[in-house]
Number of protein chains: 2
Amino acid sequence: MTAPTRRITLKDLARELGVSTATVSNAFNRPDQLSPALRERILGEASRLGYHGPDAKARSLRTGRSRIIAVILAESLTYSLNDAVASEFLSGVAEVLDAQGHTLLLLSSRQTQGQIPGSASMADGFIVYGLMPSPSLLGRLPAQASLVSVDFDIAGRPTVHVDNEAACLAIARHALRTPPRRPAIVNLRLTAEPCNGRITPAHALLGAEQTITRSRLTGFHRALAEHGIDPAGVPMWNIEENTFEVCAPVIEAILDSPDDERPDLLLCMSDRIALTAVTLAEQRGLRIPEDLRITSFDGIAEGQYRSPRLTTVRQDSVEKGRMAARMILGLTPAVDSLLSTELIIGESCP
Amino acid sequence: MTAPTRRITLKDLARELGVSTATVSNAFNRPDQLSPALRERILGEASRLGYHGPDAKARSLRTGRSRIIAVILAESLTYSLNDAVASEFLSGVAEVLDAQGHTLLLLSSRQTQGQIPGSASMADGFIVYGLMPSPSLLGRLPAQASLVSVDFDIAGRPTVHVDNEAACLAIARHALRTPPRRPAIVNLRLTAEPCNGRITPAHALLGAEQTITRSRLTGFHRALAEHGIDPAGVPMWNIEENTFEVCAPVIEAILDSPDDERPDLLLCMSDRIALTAVTLAEQRGLRIPEDLRITSFDGIAEGQYRSPRLTTVRQDSVEKGRMAARMILGLTPAVDSLLSTELIIGESCP
DNA sequence: CTGAAAGCGCTTACAG
DNA sequence: CTGAAAGCGCTTACAG
């Protein structure tokens, strides 16, 4: 309780005890390297002197490992932290890291600084989530660090993802069992140039190697073709950000079409889009599913506990996070993994 | 593109260029300490050799600063990441850190390891959120690190919070303007021992220095007394975790009371509780606000974009996060700060 | 404007 | 079972 003149170090402690620094280090790191009695004495003295263990900065320099794992999110931290899917993913990562005594550093490939801060290179491994970051960002990551990508591929690196195309094929098949008069698709971040609204032939779409939503669209299109509907004739909209605020104007534009033009089936690429559609449709007195059927993707909790419960594809984002974390820590062989999805039939499209 | 034999260091680079390591270091850290021409040459050579700047681990040992700020969350990361209020808070923190070239490390006082991993001590500062952690956890934090608490006080440390009592007084006054027949209070984590259900006189409540919800209750009680209602006669329930799953059984118990016992006004301590009540009440065919009025706290987006919009207290959690981050970084004087709140009158209690 | 040297606090072969 | 010594990769007074 005296004023701390200087922070106590392992060396101080060794001198105090009359043993070498190696022995003190061993007391903390390799209990088998010294007698229990001596270890006891060292740990006891340490706690009396307020020494809480070897300094993490020095240890990480010496060993080369920090026990920090970084997750690089495609979107801003503000967006990601408030997005249910990304949050669940992070939960899964955190769960495994925590159990292994590791710690989670949050990064975004949209840092305002333009690039990842140097301090990030302290991490032992990087989980890159959601979108291919710029090559320069990727190049700046320490060469020896391990890397796992999630929801997209980096050549030569292991990846974790779900089979978006098959899942979307399945849900669209379900929806099309009841023939729609005017089906429509609401995409998520699918255009090469930003577009928050109707997609026209003039819009270039991102490729399947750049975004998972392209695979989702392929699934929808396959199902439509199977049912004799020309995909090219099905109107598409695009949403730039998976939030109520950004979705709302696009959905409003769709719903405010004249009765005989308004879609009666909306194949949406996320639950957030679908929930926005539900909210705005109800405000307009449209009945779901009688006037408008809606399918979506993700299976977040919010879509399931208020009626109408969403018909959606559940992807286990928590498990995705766990898998990525296990791979990064070497608990699981670092090989490409495909997680399965589950079709949930709710009330929005029975 | 050759096989990386060994990672290149600042020393290698200096040798390669025929300058001292000090000069290379200065080229990266103190541009004013060398001629622009030399600096250019050094940086050019560095990027050609694939040297991405000084190693973060070594730099942090040498300087004593890591440019990492840790947030210690009261709840598990899994819970916190999926809670709108905590997520918004973290957004605010991340926004400021990012702008300052700092990085965010996520910790929980509920780590499964029982205590914060040693690697956490790498952080330059700690933002402790939501609840007083155990003294032992607090004691293990590096003595020289800065510390800001949020939503509770640590003696001698700066804190950021909102005036919970005044806000709850205000919202309860609003609700009581229409005299309720059977008001009730749904508390959040207010009992000393875990209790997910009705609070009886046998339950000890946490003190105001331990939890913000105690201050919220005081606000409710003051308003009730003002309106001539004996607070002791108002039934109270407690919710252990702010999630739909944990809330639901308690809310169901409340709503399933006989008609003449069921509350007609629910003063809830969070929007999540209120949203659960809305969902379950609607399932039972109860009309809001005609049969049941509901007030809450937080002002999360989800409570505002579907009808009935919640009558609630909006606290600016993002700003709370920004404030805490600014204090930790020394951008703002580290003094106790009280954020204001805003009463939102929605349809759940007009 | 530039460089030689000390040292941040630890861990780890290695020798005894 | 224990200790002396090297060195992880850097930054920073300090001297020139």
# chains A, B, ... in the order shown; residues from 1 in each chain; ligands from 1
>>> interface_residues(of="chain A", to="chain D", cutoff="10 Å", atoms="only C-alpha atoms (C1' of nucleotides)", output="ChimeraX atom specification")
/A:19-23,32-35,58-64
>>> write_last_selection(atoms="N, CA and C atoms", output="mmCIF file, in the first residue's frame")
data_model
loop_
_atom_site.group_PDB
_atom_site.id
_atom_site.type_symbol
_atom_site.label_atom_id
_atom_site.label_comp_id
_atom_site.auth_asym_id
_atom_site.auth_seq_id
_atom_site.Cartn_x
_atom_site.Cartn_y
_atom_site.Cartn_z
ATOM 1 N N VAL A 19 17.020 -15.936 -6.012
ATOM 2 C CA VAL A 19 17.062 -16.983 -7.045
ATOM 3 C C VAL A 19 17.288 -16.303 -8.396
ATOM 4 N N SER A 20 17.495 -17.108 -9.417
ATOM 5 C CA SER A 20 17.728 -16.523 -10.735
ATOM 6 C C SER A 20 16.399 -16.141 -11.391
ATOM 7 N N THR A 21 16.508 -15.286 -12.372
ATOM 8 C CA THR A 21 15.294 -14.889 -13.079
ATOM 9 C C THR A 21 14.697 -16.088 -13.816
ATOM 10 N N ALA A 22 15.556 -16.993 -14.244
ATOM 11 C CA ALA A 22 15.048 -18.182 -14.932
ATOM 12 C C ALA A 22 14.099 -18.954 -14.028
ATOM 13 N N THR A 23 14.461 -19.057 -12.795
ATOM 14 C CA THR A 23 13.633 -19.825 -11.865
ATOM 15 C C THR A 23 12.281 -19.134 -11.627
ATOM 16 N N ASP A 32 6.732 -27.575 -13.836
ATOM 17 C CA ASP A 32 7.464 -28.838 -13.707
ATOM 18 C C ASP A 32 8.971 -28.627 -13.626
ATOM 19 N N GLN A 33 9.417 -27.404 -13.832
ATOM 20 C CA GLN A 33 10.859 -27.160 -13.867
ATOM 21 C C GLN A 33 11.451 -26.789 -12.500
ATOM 22 N N LEU A 34 10.612 -26.790 -11.499
ATOM 23 C CA LEU A 34 11.171 -26.485 -10.176
ATOM 24 C C LEU A 34 10.334 -27.153 -9.087
ATOM 25 N N SER A 35 10.883 -27.237 -7.907
ATOM 26 C CA SER A 35 10.188 -27.936 -6.827
ATOM 27 C C SER A 35 8.939 -27.171 -6.418
ATOM 28 N N ALA A 58 6.799 -7.746 -22.777
ATOM 29 C CA ALA A 58 8.120 -8.358 -22.851
ATOM 30 C C ALA A 58 7.989 -9.817 -23.261
ATOM 31 N N ARG A 59 7.046 -10.478 -22.677
ATOM 32 C CA ARG A 59 6.863 -11.876 -23.005
ATOM 33 C C ARG A 59 6.552 -12.071 -24.496
ATOM 34 N N SER A 60 5.727 -11.189 -25.004
ATOM 35 C CA SER A 60 5.349 -11.370 -26.405
ATOM 36 C C SER A 60 6.544 -11.095 -27.326
ATOM 37 N N LEU A 61 7.371 -10.162 -26.944
ATOM 38 C CA LEU A 61 8.562 -9.918 -27.767
ATOM 39 C C LEU A 61 9.466 -11.151 -27.727
ATOM 40 N N ARG A 62 9.687 -11.657 -26.527
ATOM 41 C CA ARG A 62 10.593 -12.775 -26.369
ATOM 42 C C ARG A 62 10.072 -14.046 -27.062
ATOM 43 N N THR A 63 8.806 -14.349 -26.834
ATOM 44 C CA THR A 63 8.286 -15.611 -27.366
ATOM 45 C C THR A 63 7.787 -15.474 -28.801
ATOM 46 N N GLY A 64 7.522 -14.256 -29.207
ATOM 47 C CA GLY A 64 6.977 -14.075 -30.536
ATOM 48 C C GLY A 64 5.475 -14.280 -30.606
#
>>> interface_residues(of="chain B", to="chain A", cutoff="7 Å", atoms="only C-alpha atoms", output="count of residues only")
35
>>> residues_around(residues="Val24 in chain B", least_positions_apart="3", cutoff="9 Å", atoms="only C-alpha atoms (C1' of nucleotides)", output="list of chain:residue names")
B:Leu10, B:Lys11, B:Leu13, B:Ala14, B:Val19, B:Ser20, B:Thr21, B:Ala27, B:Phe28, B:Asn29, B:Arg39, B:Ile42, B:Leu43
>>> closest_residue(among="B:Arg48, B:His203, B:His221, B:Arg262", to="Arg173 in chain B", atoms="only C-alpha atoms")
B:His221
>>> residues_around(residues="Ser340 in chain B", least_positions_apart="6", cutoff="8 Å", atoms="only C-alpha atoms (C1' of nucleotides)", output="list of chain:residue names")
B:Val162, B:Asp163, B:Gln315
>>> residues_around(residues="range 154-156 of chain B", least_positions_apart="3", cutoff="8 Å", atoms="only C-alpha atoms (C1' of nucleotides)", output="number ranges by chain")
B: 132, 149, 159
>>> write_last_selection(atoms="N, CA and C atoms", output="mmCIF file, in the first residue's frame")
data_model
loop_
_atom_site.group_PDB
_atom_site.id
_atom_site.type_symbol
_atom_site.label_atom_id
_atom_site.label_comp_id
_atom_site.auth_asym_id
_atom_site.auth_seq_id
_atom_site.Cartn_x
_atom_site.Cartn_y
_atom_site.Cartn_z
ATOM 1 N N MET B 132 -19.381 -3.218 -11.303
ATOM 2 C CA MET B 132 -18.133 -3.287 -10.547
ATOM 3 C C MET B 132 -17.548 -4.696 -10.646
ATOM 4 N N SER B 149 -14.420 4.095 -15.584
ATOM 5 C CA SER B 149 -15.556 3.207 -15.365
ATOM 6 C C SER B 149 -16.804 3.815 -15.989
ATOM 7 N N THR B 159 -15.585 8.485 -14.113
ATOM 8 C CA THR B 159 -16.682 7.629 -14.536
ATOM 9 C C THR B 159 -17.595 8.374 -15.504
#
>>> select_by_dssp(residues="range 137-324 of chain A", states="strand (DSSP E)", output="ChimeraX atom specification")
/A:146-150,159-162,183-188,197-198,236-239,265-268,293-298,311-315
>>> write_last_selection(atoms="C-alpha atoms", output="mmCIF file, in the first residue's frame")
data_model
loop_
_atom_site.group_PDB
_atom_site.id
_atom_site.type_symbol
_atom_site.label_atom_id
_atom_site.label_comp_id
_atom_site.auth_asym_id
_atom_site.auth_seq_id
_atom_site.Cartn_x
_atom_site.Cartn_y
_atom_site.Cartn_z
ATOM 1 C CA SER A 146 -1.911 -17.523 -39.474
ATOM 2 C CA LEU A 147 -4.929 -16.452 -41.434
ATOM 3 C CA VAL A 148 -8.425 -17.829 -41.900
ATOM 4 C CA SER A 149 -10.992 -16.255 -44.162
ATOM 5 C CA VAL A 150 -14.715 -16.449 -43.579
ATOM 6 C CA THR A 159 -11.799 -20.675 -45.294
ATOM 7 C CA VAL A 160 -15.086 -21.231 -43.486
ATOM 8 C CA HIS A 161 -18.363 -20.652 -45.220
ATOM 9 C CA VAL A 162 -21.881 -21.887 -45.885
ATOM 10 C CA PRO A 183 -41.927 -12.340 -57.674
ATOM 11 C CA ALA A 184 -39.067 -9.971 -56.936
ATOM 12 C CA ILE A 185 -35.610 -10.196 -55.439
ATOM 13 C CA VAL A 186 -34.101 -7.852 -52.883
ATOM 14 C CA ASN A 187 -30.331 -8.232 -52.989
ATOM 15 C CA LEU A 188 -27.717 -7.158 -50.519
ATOM 16 C CA GLY A 197 -32.643 0.891 -55.232
ATOM 17 C CA ARG A 198 -33.758 -0.814 -58.413
ATOM 18 C CA MET A 236 -34.336 -6.883 -58.613
ATOM 19 C CA TRP A 237 -33.474 -4.260 -56.078
ATOM 20 C CA ASN A 238 -30.241 -3.733 -54.202
ATOM 21 C CA ILE A 239 -29.626 -2.693 -50.619
ATOM 22 C CA LEU A 265 -43.322 -12.466 -53.274
ATOM 23 C CA LEU A 266 -40.096 -10.938 -52.013
ATOM 24 C CA LEU A 267 -37.007 -13.124 -51.996
ATOM 25 C CA CYS A 268 -34.763 -11.199 -49.600
ATOM 26 C CA ARG A 293 -45.010 -13.391 -49.043
ATOM 27 C CA ILE A 294 -41.449 -12.851 -47.849
ATOM 28 C CA THR A 295 -38.428 -15.134 -47.537
ATOM 29 C CA SER A 296 -35.057 -14.231 -46.171
ATOM 30 C CA PHE A 297 -31.673 -15.414 -44.973
ATOM 31 C CA ASP A 298 -29.737 -15.617 -41.685
ATOM 32 C CA THR A 311 -39.397 -18.018 -43.444
ATOM 33 C CA THR A 312 -35.652 -17.988 -43.734
ATOM 34 C CA VAL A 313 -32.413 -19.908 -44.000
ATOM 35 C CA ARG A 314 -30.716 -20.322 -40.703
ATOM 36 C CA GLN A 315 -26.951 -20.195 -40.836
#
>>> atom_distance(atom1="CA of Ile344 in chain A", atom2="CA of Thr243 in chain A")
22.0 Å
>>> atom_distance(atom1="CA of Gly219 in chain B", atom2="CA of Arg287 in chain B")
26.9 Å
>>> residues_around(residues="Thr191 in chain A", least_positions_apart="2", cutoff="8 Å", atoms="only C-alpha atoms (C1' of nucleotides)", output="number ranges by chain")
A: 189, 193-195, 203-206, 238
>>> atom_distance(atom1="CA of Ala167 in chain A", atom2="CA of Thr332 in chain A")
25.5 Å
>>> select_by_dssp(residues="range 215-256 of chain B", states="helix (DSSP H, G or I)", output="ChimeraX atom specification")
/B:215-226,231-233,244-255
>>> write_last_selection(atoms="N, CA and C atoms", output="mmCIF file, in the first residue's frame")
data_model
loop_
_atom_site.group_PDB
_atom_site.id
_atom_site.type_symbol
_atom_site.label_atom_id
_atom_site.label_comp_id
_atom_site.auth_asym_id
_atom_site.auth_seq_id
_atom_site.Cartn_x
_atom_site.Cartn_y
_atom_site.Cartn_z
ATOM 1 N N SER B 215 -31.002 2.690 -8.941
ATOM 2 C CA SER B 215 -31.370 4.099 -9.088
ATOM 3 C C SER B 215 -32.630 4.230 -9.933
ATOM 4 N N ARG B 216 -32.766 3.339 -10.904
ATOM 5 C CA ARG B 216 -33.979 3.392 -11.722
ATOM 6 C C ARG B 216 -35.208 3.097 -10.859
ATOM 7 N N LEU B 217 -35.060 2.132 -9.992
ATOM 8 C CA LEU B 217 -36.179 1.792 -9.115
ATOM 9 C C LEU B 217 -36.534 2.967 -8.206
ATOM 10 N N THR B 218 -35.510 3.610 -7.691
ATOM 11 C CA THR B 218 -35.760 4.768 -6.836
ATOM 12 C C THR B 218 -36.568 5.828 -7.581
ATOM 13 N N GLY B 219 -36.223 6.034 -8.839
ATOM 14 C CA GLY B 219 -36.979 6.995 -9.650
ATOM 15 C C GLY B 219 -38.443 6.597 -9.778
ATOM 16 N N PHE B 220 -38.676 5.323 -10.064
ATOM 17 C CA PHE B 220 -40.064 4.836 -10.164
ATOM 18 C C PHE B 220 -40.799 5.070 -8.847
ATOM 19 N N HIS B 221 -40.150 4.692 -7.751
ATOM 20 C CA HIS B 221 -40.803 4.791 -6.442
ATOM 21 C C HIS B 221 -41.129 6.228 -6.071
ATOM 22 N N ARG B 222 -40.226 7.127 -6.422
ATOM 23 C CA ARG B 222 -40.513 8.531 -6.115
ATOM 24 C C ARG B 222 -41.756 8.998 -6.858
ATOM 25 N N ALA B 223 -41.848 8.622 -8.124
ATOM 26 C CA ALA B 223 -43.009 9.047 -8.917
ATOM 27 C C ALA B 223 -44.297 8.436 -8.365
ATOM 28 N N LEU B 224 -44.222 7.176 -7.990
ATOM 29 C CA LEU B 224 -45.408 6.520 -7.436
ATOM 30 C C LEU B 224 -45.864 7.246 -6.173
ATOM 31 N N ALA B 225 -44.906 7.518 -5.283
ATOM 32 C CA ALA B 225 -45.245 8.195 -4.030
ATOM 33 C C ALA B 225 -45.880 9.559 -4.315
ATOM 34 N N GLU B 226 -45.304 10.281 -5.258
ATOM 35 C CA GLU B 226 -45.855 11.582 -5.640
ATOM 36 C C GLU B 226 -47.320 11.476 -6.042
ATOM 37 N N PRO B 231 -45.391 2.713 -2.866
ATOM 38 C CA PRO B 231 -44.480 1.851 -3.639
ATOM 39 C C PRO B 231 -44.426 0.426 -3.091
ATOM 40 N N ALA B 232 -44.570 0.298 -1.797
ATOM 41 C CA ALA B 232 -44.477 -1.040 -1.200
ATOM 42 C C ALA B 232 -45.604 -1.944 -1.687
ATOM 43 N N GLY B 233 -46.688 -1.323 -2.146
ATOM 44 C CA GLY B 233 -47.811 -2.120 -2.603
ATOM 45 C C GLY B 233 -47.739 -2.474 -4.081
ATOM 46 N N PHE B 244 -34.534 -12.089 -24.714
ATOM 47 C CA PHE B 244 -35.900 -12.568 -24.897
ATOM 48 C C PHE B 244 -36.117 -13.884 -24.153
ATOM 49 N N GLU B 245 -35.168 -14.799 -24.301
ATOM 50 C CA GLU B 245 -35.318 -16.134 -23.718
ATOM 51 C C GLU B 245 -35.485 -16.086 -22.203
ATOM 52 N N VAL B 246 -34.698 -15.253 -21.568
ATOM 53 C CA VAL B 246 -34.759 -15.186 -20.106
ATOM 54 C C VAL B 246 -35.959 -14.360 -19.636
ATOM 55 N N CYS B 247 -36.274 -13.324 -20.389
ATOM 56 C CA CYS B 247 -37.430 -12.485 -20.028
ATOM 57 C C CYS B 247 -38.746 -13.246 -20.165
ATOM 58 N N ALA B 248 -38.853 -14.008 -21.238
ATOM 59 C CA ALA B 248 -40.155 -14.526 -21.648
ATOM 60 C C ALA B 248 -40.936 -15.235 -20.532
ATOM 61 N N PRO B 249 -40.313 -16.178 -19.812
ATOM 62 C CA PRO B 249 -41.108 -16.876 -18.784
ATOM 63 C C PRO B 249 -41.639 -15.948 -17.699
ATOM 64 N N VAL B 250 -40.872 -14.942 -17.363
ATOM 65 C CA VAL B 250 -41.329 -14.020 -16.323
ATOM 66 C C VAL B 250 -42.506 -13.198 -16.836
ATOM 67 N N ILE B 251 -42.354 -12.706 -18.050
ATOM 68 C CA ILE B 251 -43.436 -11.914 -18.636
ATOM 69 C C ILE B 251 -44.696 -12.778 -18.789
ATOM 70 N N GLU B 252 -44.492 -14.016 -19.205
ATOM 71 C CA GLU B 252 -45.647 -14.904 -19.347
ATOM 72 C C GLU B 252 -46.376 -15.077 -18.020
ATOM 73 N N ALA B 253 -45.610 -15.246 -16.970
ATOM 74 C CA ALA B 253 -46.218 -15.394 -15.640
ATOM 75 C C ALA B 253 -47.050 -14.163 -15.298
ATOM 76 N N ILE B 254 -46.512 -13.005 -15.644
ATOM 77 C CA ILE B 254 -47.236 -11.770 -15.343
ATOM 78 C C ILE B 254 -48.524 -11.688 -16.163
ATOM 79 N N LEU B 255 -48.384 -11.957 -17.454
ATOM 80 C CA LEU B 255 -49.540 -11.779 -18.349
ATOM 81 C C LEU B 255 -50.606 -12.847 -18.125
#
